[in-house]
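Trainee: model_22.cif is the file, holding mmCIF, C-alpha atoms and all ligand atoms:
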```
data_work
#
loop_
_atom_site.label_atom_id
_atom_site.label_comp_id
_atom_site.auth_asym_id
_atom_site.auth_seq_id
_atom_site.Cartn_x
_atom_site.Cartn_y
_atom_site.Cartn_z
CA MET A 1 -63.79 45.77 13.48
CA GLU A 2 -65.18 42.26 13.84
CA LYS A 3 -62.95 39.58 15.38
CA SER A 4 -63.57 35.94 14.58
CA SER A 5 -61.82 32.61 14.66
CA ALA A 6 -64.49 30.88 12.57
CA PHE A 7 -63.26 32.33 9.26
CA LYS A 8 -66.70 33.54 8.37
CA VAL A 9 -67.56 36.89 6.91
CA GLN A 10 -71.11 37.70 7.89
CA PHE A 11 -72.35 40.22 5.40
CA SER A 12 -76.08 40.22 5.93
CA GLY A 13 -77.21 43.15 8.05
CA LEU A 14 -74.12 45.18 7.22
CA LYS A 15 -74.49 48.67 5.82
CA LEU A 16 -73.24 49.37 2.32
CA GLY A 17 -69.58 50.31 2.34
CA LYS A 18 -66.39 48.89 3.79
CA HIS A 19 -66.11 46.54 6.76
CA GLN A 20 -62.95 44.95 8.13
CA PHE A 21 -62.61 41.40 9.43
CA ASP A 22 -59.46 40.05 11.08
CA PHE A 23 -58.55 36.38 11.17
CA ALA A 24 -55.64 34.51 12.70
CA VAL A 25 -54.54 31.33 10.96
CA ASP A 26 -52.81 28.89 13.29
CA ASP A 27 -52.12 25.14 13.47
CA SER A 28 -55.78 24.36 14.16
CA PHE A 29 -56.73 25.99 10.85
CA PHE A 30 -54.68 23.40 8.94
CA GLU A 31 -55.83 20.54 11.16
CA LYS A 32 -59.40 21.14 10.04
CA LEU A 33 -58.38 20.79 6.39
CA ASP A 34 -57.76 17.05 5.95
CA TYR A 35 -56.19 17.51 2.53
CA SER A 36 -53.70 20.16 3.65
CA PRO A 37 -50.06 19.13 3.42
CA ILE A 38 -49.31 22.11 5.67
CA SER A 39 -49.84 21.50 9.37
CA LYS A 40 -48.10 24.42 11.07
CA GLY A 41 -48.15 28.15 10.58
CA GLU A 42 -49.18 31.58 11.74
CA VAL A 43 -50.78 33.94 9.26
CA GLU A 44 -52.61 37.15 10.00
CA VAL A 45 -55.40 37.75 7.52
CA THR A 46 -57.28 40.98 7.07
CA VAL A 47 -60.38 41.00 4.91
CA VAL A 48 -61.94 44.26 3.84
CA LEU A 49 -65.44 43.71 2.58
CA ASP A 50 -66.87 46.40 0.34
CA LYS A 51 -70.60 45.84 0.30
CA LYS A 52 -72.34 47.23 -2.75
CA SER A 53 -76.02 47.05 -3.61
CA THR A 54 -75.79 44.04 -5.93
CA MET A 55 -72.37 42.55 -5.20
CA MET A 56 -69.39 42.56 -2.83
CA VAL A 57 -65.66 43.06 -3.21
CA LEU A 58 -63.36 41.29 -0.77
CA ASP A 59 -59.77 42.42 -0.34
CA PHE A 60 -57.53 39.91 1.43
CA GLU A 61 -54.18 40.79 2.97
CA LEU A 62 -52.01 37.98 4.30
CA ASN A 63 -48.86 38.15 6.37
CA GLY A 64 -47.11 35.37 8.25
CA TRP A 65 -45.41 32.01 7.71
CA VAL A 66 -46.12 28.32 7.26
CA MET A 67 -43.85 25.41 8.09
CA GLU A 68 -42.48 23.69 5.02
CA SER A 69 -39.63 21.28 4.53
CA CYS A 70 -36.69 21.73 2.22
CA ASP A 71 -36.77 19.54 -0.91
CA ARG A 72 -33.04 18.94 -0.65
CA CYS A 73 -32.22 18.33 3.01
CA THR A 74 -35.79 17.87 4.40
CA ALA A 75 -35.16 20.37 7.19
CA ASP A 76 -38.23 22.28 8.31
CA TYR A 77 -38.19 25.97 7.59
CA ARG A 78 -40.58 28.88 7.84
CA GLN A 79 -41.91 29.83 4.45
CA HIS A 80 -42.85 33.51 4.47
CA VAL A 81 -46.42 34.12 3.39
CA THR A 82 -47.51 37.52 2.21
CA GLY A 83 -49.88 38.82 -0.40
CA GLU A 84 -52.93 40.77 -1.44
CA HIS A 85 -55.82 39.20 -3.29
CA GLN A 86 -59.14 40.53 -4.51
CA ILE A 87 -62.31 38.49 -4.93
CA TYR A 88 -65.64 39.58 -6.35
CA VAL A 89 -68.74 37.99 -4.89
CA LYS A 90 -71.99 37.95 -6.81
CA PHE A 91 -75.32 36.35 -6.03
CA GLY A 92 -76.93 33.62 -8.10
CA ASP A 93 -78.92 30.40 -7.91
CA ASP A 94 -76.08 28.21 -6.70
CA PHE A 95 -72.43 28.18 -5.59
CA ASP A 96 -70.07 28.70 -8.49
CA GLU A 97 -66.51 29.82 -9.12
CA PRO A 98 -66.36 30.88 -12.78
CA ASP A 99 -62.80 32.10 -12.37
CA ASP A 100 -60.11 32.71 -9.74
CA SER A 101 -61.38 36.13 -8.80
CA LEU A 102 -65.15 35.62 -8.96
CA LEU A 103 -67.36 33.74 -6.57
CA VAL A 104 -71.10 33.20 -7.00
CA ILE A 105 -73.09 32.38 -3.89
CA PRO A 106 -76.81 31.64 -3.45
CA ARG A 107 -79.03 34.67 -2.80
CA ASP A 108 -80.22 33.37 0.58
CA GLU A 109 -76.70 33.08 2.04
CA PHE A 110 -75.96 35.48 4.87
CA GLU A 111 -72.29 34.69 5.48
CA LEU A 112 -69.26 33.50 3.55
CA ASP A 113 -66.76 30.95 4.83
CA VAL A 114 -63.41 32.30 3.64
CA SER A 115 -61.20 29.48 4.98
CA GLN A 116 -60.92 27.79 1.58
CA LEU A 117 -59.96 31.08 -0.08
CA ILE A 118 -57.38 31.82 2.60
CA TYR A 119 -55.94 28.32 2.18
CA GLU A 120 -55.63 28.81 -1.59
CA PHE A 121 -53.91 32.18 -1.11
CA ILE A 122 -51.43 30.59 1.31
CA GLN A 123 -50.73 27.79 -1.18
CA LEU A 124 -50.01 30.40 -3.87
CA ASN A 125 -47.16 31.63 -1.66
CA VAL A 126 -45.38 28.31 -1.40
CA PRO A 127 -42.89 27.88 -4.24
CA LEU A 128 -42.92 24.65 -6.26
CA ARG A 129 -39.22 24.16 -5.65
CA LYS A 130 -38.57 24.58 -1.96
CA ILE A 131 -34.82 24.77 -1.52
CA PRO A 132 -34.17 27.59 0.94
CA CYS A 133 -30.59 26.40 1.48
CA GLU A 134 -29.76 27.38 -2.09
CA GLU A 135 -30.63 30.94 -1.20
CA SER A 136 -28.73 31.07 2.08
CA GLU A 137 -25.02 31.14 1.33
CA ASP A 138 -23.93 29.39 4.50
CA ASN A 139 -26.71 26.78 4.36
CA SER A 140 -27.79 28.13 7.72
CA MET A 141 -31.43 27.34 6.99
CA CYS A 142 -30.74 23.71 6.21
CA ASP A 143 -30.07 20.58 8.12
CA LYS A 144 -26.28 20.34 8.08
CA ASP A 145 -26.14 16.66 9.00
CA THR A 146 -28.48 15.71 6.16
CA LEU A 147 -26.52 17.89 3.74
CA LYS A 148 -23.31 16.17 4.82
CA VAL A 149 -24.82 12.74 4.22
CA LEU A 150 -26.14 13.90 0.84
CA LYS A 151 -22.72 15.24 -0.13
CA GLU A 152 -21.00 12.02 0.87
CA ALA A 153 -23.53 9.95 -1.03
CA GLU A 154 -22.98 12.15 -4.07
CA ALA A 155 -19.22 11.71 -3.80
CA ASP A 156 -19.64 7.96 -3.43
CA ASP A 157 -21.92 7.93 -6.44
CA ASN A 158 -19.34 9.73 -8.52
CA LYS A 159 -16.69 7.23 -7.50
CA ASN A 160 -18.68 4.05 -7.92
CA ASN A 161 -21.32 4.66 -10.53
CA PRO A 162 -20.02 3.78 -14.01
CA LEU A 163 -22.68 6.03 -15.51
CA TRP A 164 -21.22 9.03 -13.68
CA ALA A 165 -17.76 8.08 -14.83
CA GLU A 166 -19.03 7.88 -18.39
CA LEU A 167 -20.81 11.23 -18.09
CA ASN A 168 -17.67 12.84 -16.69
CA ARG A 169 -15.66 11.41 -19.54
CA ILE A 170 -18.10 12.91 -22.06
CA LYS A 171 -18.06 16.21 -20.18
CA ASP A 172 -14.26 16.28 -20.34
CA GLN A 173 -14.37 15.53 -24.06
CA LEU A 174 -16.80 18.40 -24.66
CA LYS A 175 -14.43 20.75 -22.89
CA ASP A 176 -11.59 20.02 -25.33
ZN ZN B 201 -32.16 22.37 2.50
#
```
Translate this file's structure into structure tokens.
Ligand SMILES: [Zn+2]

Mentor:
Amino acid sequence: MEKSSAFKVQFSGLKLGKHQFDFAVDDSFFEKLDYSPISKGEVEVTVVLDKKSTMMVLDFELNGWVMESCDRCTADYRQHVTGEHQIYVKFGDDFDEPDDSLLVIPRDEFELDVSQLIYEFIQLNVPLRKIPCEESEDNSMCDKDTLKVLKEAEADDNKNNPLWAELNRIKDQLKD
């Protein structure tokens, strides 16, 4: 078992067959990615590399969490991250990614930086609509103060906004 914090799978010199690499994603992982909207998290990543004579198969297993914020009340919450992903690596003249599960790398490469792949797999785990408070009945995951303010604003809106009054009138009419 090879331990590394550099997120590199060094495949040259390895015997044919399976080899396991363990990585630990932490805050510093996201800091290095300027474009990452995620800045906090802890994800254990296991990569099993199956080295074959002309290609490689990489099996990723992720388990952990990243810090996200609720779309509704903006409270931070831990988004669970888990998943298994398989990538085929072939050798060619240049770097290429013909599809989501195939990577082409130059023949003279001896290692593969998997940080970008791991980042993509983590992103796949984050739902587009992040409203954990909708799922927790007592809103325990959400910021209660913000929710209270939101509720009050909504109530005020209903009272004062003529559009809401009009919509409610139409709604009532449809009921009849
Ligand atoms: Zn919320």

Trainee: Counting all atoms listed in the file, which residue out of A:Asp26, A:Glu44, A:Asp145, A:Glu134 sits closest to Cys70 in chain A?

Mentor: A:Glu134

Trainee: Can I get the residues of chain A within 6 Å of ligand ZN 201 (chain B), each with the closest pair of atoms and their distance in Å to one decimal, using all atoms listed in the file, sorted chain first then ascending number, as a tab-separated table?

Mentor:
```
residue	atom	partner	partner_atom	distance
A:Cys70	CA	B:ZN201	ZN	4.6
A:Arg72	CA	B:ZN201	ZN	4.7
A:Cys73	CA	B:ZN201	ZN	4.1
A:Ala75	CA	B:ZN201	ZN	5.9
A:Ile131	CA	B:ZN201	ZN	5.4
A:Pro132	CA	B:ZN201	ZN	5.8
A:Cys133	CA	B:ZN201	ZN	4.4
A:Cys142	CA	B:ZN201	ZN	4.2
```

Trainee: What is the CA of Lys148 in chain A-CA of Asp71 in chain A distance in Å, reported with one decimal?

Mentor: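 Atom-to-atom, CA of Lys148 in chain A and CA of Asp71 in chain A are spaced 15.0 Å apart.
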
Trainee: Can you measure CA of Val114 in chain A to CA of Glu61 in chain A for me? One decimal in Å is fine.

Mentor: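 About the pair CA of Val114 in chain A and CA of Glu61 in chain A: they are 12.6 Å apart.
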
Trainee: Of the candidates A:Ser12, A:Ser28, A:Thr54, A:Asn125, which shows the shortest atom-to-atom distance to Phe91 in chain A, using all atoms listed in the file?

Mentor: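 Selected residue with least distance to Phe91 in chain A: A:Thr54.
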
Trainee: Tell me which of A:Leu103, A:Ile118, A:Val126, A:Ile87 sits closest to Leu62 in chain A, counting all atoms listed in the file.

Mentor: A:Ile118

Trainee: Between CA of Gly64 in chain A and CA of Val81 in chain A, what distance in Å does the model show, to one decimal?

Mentor: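 Computing the Euclidean distance for CA of Gly64 in chain A and CA of Val81 in chain A yields 5.1 Å.
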
Trainee: List every protein, DNA or RNA residue with an atom no more than 10 Å from (-69.5, 44.8, -4.0) in the file's coordinates, counting all atoms listed in the file, and format the result as a PyMOL selection string.

Mentor: chain A and resi 16-18+49-58+87-90

Trainee: Neighbourhood query: residues within 9 Å of (-38.1, 28.5, 4.6), file coordinates, counting only C-alpha atoms; return as an mmCIF file with C-alpha atoms, keeping the file's coordinate frame.

Mentor:
```
data_model
loop_
_atom_site.group_PDB
_atom_site.id
_atom_site.type_symbol
_atom_site.label_atom_id
_atom_site.label_comp_id
_atom_site.auth_asym_id
_atom_site.auth_seq_id
_atom_site.Cartn_x
_atom_site.Cartn_y
_atom_site.Cartn_z
ATOM 1 C CA TRP A 65 -45.410 32.010 7.710
ATOM 2 C CA VAL A 66 -46.120 28.320 7.260
ATOM 3 C CA MET A 67 -43.850 25.410 8.090
ATOM 4 C CA GLU A 68 -42.480 23.690 5.020
ATOM 5 C CA SER A 69 -39.630 21.280 4.530
ATOM 6 C CA CYS A 70 -36.690 21.730 2.220
ATOM 7 C CA ASP A 76 -38.230 22.280 8.310
ATOM 8 C CA TYR A 77 -38.190 25.970 7.590
ATOM 9 C CA ARG A 78 -40.580 28.880 7.840
ATOM 10 C CA GLN A 79 -41.910 29.830 4.450
ATOM 11 C CA HIS A 80 -42.850 33.510 4.470
ATOM 12 C CA LYS A 130 -38.570 24.580 -1.960
ATOM 13 C CA ILE A 131 -34.820 24.770 -1.520
ATOM 14 C CA PRO A 132 -34.170 27.590 0.940
ATOM 15 C CA CYS A 133 -30.590 26.400 1.480
ATOM 16 C CA MET A 141 -31.430 27.340 6.990
ATOM 17 C CA CYS A 142 -30.740 23.710 6.210
#
```

Trainee: Calculated over all atoms listed in the file, which of the candidates A:Asp59, A:Asp100, A:Glu154, A:Glu109 has the smallest distance to Gly83 in chain A?

Mentor: A:Asp59

Trainee: May I have the centre and edge lengths, in Å to one decimal, of an axis-aligned box around the listed atoms of range 54-61 of chain A with 5 Å added to every side, as JSON?

Mentor:
```
{"center_x": -65.0, "center_y": 42.0, "center_z": -1.5, "size_x": 31.6, "size_y": 14.1, "size_z": 18.9}
```

Trainee: Any chance you could build range 102-116 of chain A out to N, CA and C atoms and write it as a compact mmCIF listing (two decimals), keeping the file's coordinate frame?

Mentor:
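See selection-v9.txt below for the written result:
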```
# COMPACT_ATOMS: atom_id res chain seq x y z
N LEU A 102 -63.70 35.43 -9.06
CA LEU A 102 -65.15 35.62 -8.96
C LEU A 102 -65.81 34.43 -8.29
N LEU A 103 -66.65 34.77 -7.31
CA LEU A 103 -67.36 33.74 -6.57
C LEU A 103 -68.85 34.04 -6.68
N VAL A 104 -69.64 33.01 -6.99
CA VAL A 104 -71.10 33.20 -7.00
C VAL A 104 -71.66 32.42 -5.82
N ILE A 105 -72.48 33.09 -5.02
CA ILE A 105 -73.09 32.38 -3.89
C ILE A 105 -74.62 32.54 -3.94
N PRO A 106 -75.34 31.57 -3.40
CA PRO A 106 -76.81 31.64 -3.45
C PRO A 106 -77.35 32.90 -2.77
N ARG A 107 -78.46 33.40 -3.27
CA ARG A 107 -79.03 34.67 -2.80
C ARG A 107 -79.43 34.62 -1.33
N ASP A 108 -79.76 33.42 -0.81
CA ASP A 108 -80.22 33.37 0.58
C ASP A 108 -79.08 33.17 1.58
N GLU A 109 -77.84 33.18 1.11
CA GLU A 109 -76.70 33.08 2.04
C GLU A 109 -76.57 34.38 2.82
N PHE A 110 -76.14 34.27 4.09
CA PHE A 110 -75.96 35.48 4.87
C PHE A 110 -74.51 35.64 5.34
N GLU A 111 -73.69 34.58 5.12
CA GLU A 111 -72.29 34.69 5.48
C GLU A 111 -71.46 33.88 4.49
N LEU A 112 -70.16 34.18 4.50
CA LEU A 112 -69.26 33.50 3.55
C LEU A 112 -68.09 32.92 4.34
N ASP A 113 -67.91 31.61 4.20
CA ASP A 113 -66.76 30.95 4.83
C ASP A 113 -65.54 31.21 3.93
N VAL A 114 -64.56 31.93 4.47
CA VAL A 114 -63.41 32.30 3.64
C VAL A 114 -62.20 31.41 3.89
N SER A 115 -62.36 30.32 4.65
CA SER A 115 -61.20 29.48 4.98
C SER A 115 -60.59 28.85 3.73
N GLN A 116 -61.43 28.41 2.81
CA GLN A 116 -60.92 27.79 1.58
C GLN A 116 -60.13 28.80 0.74
```
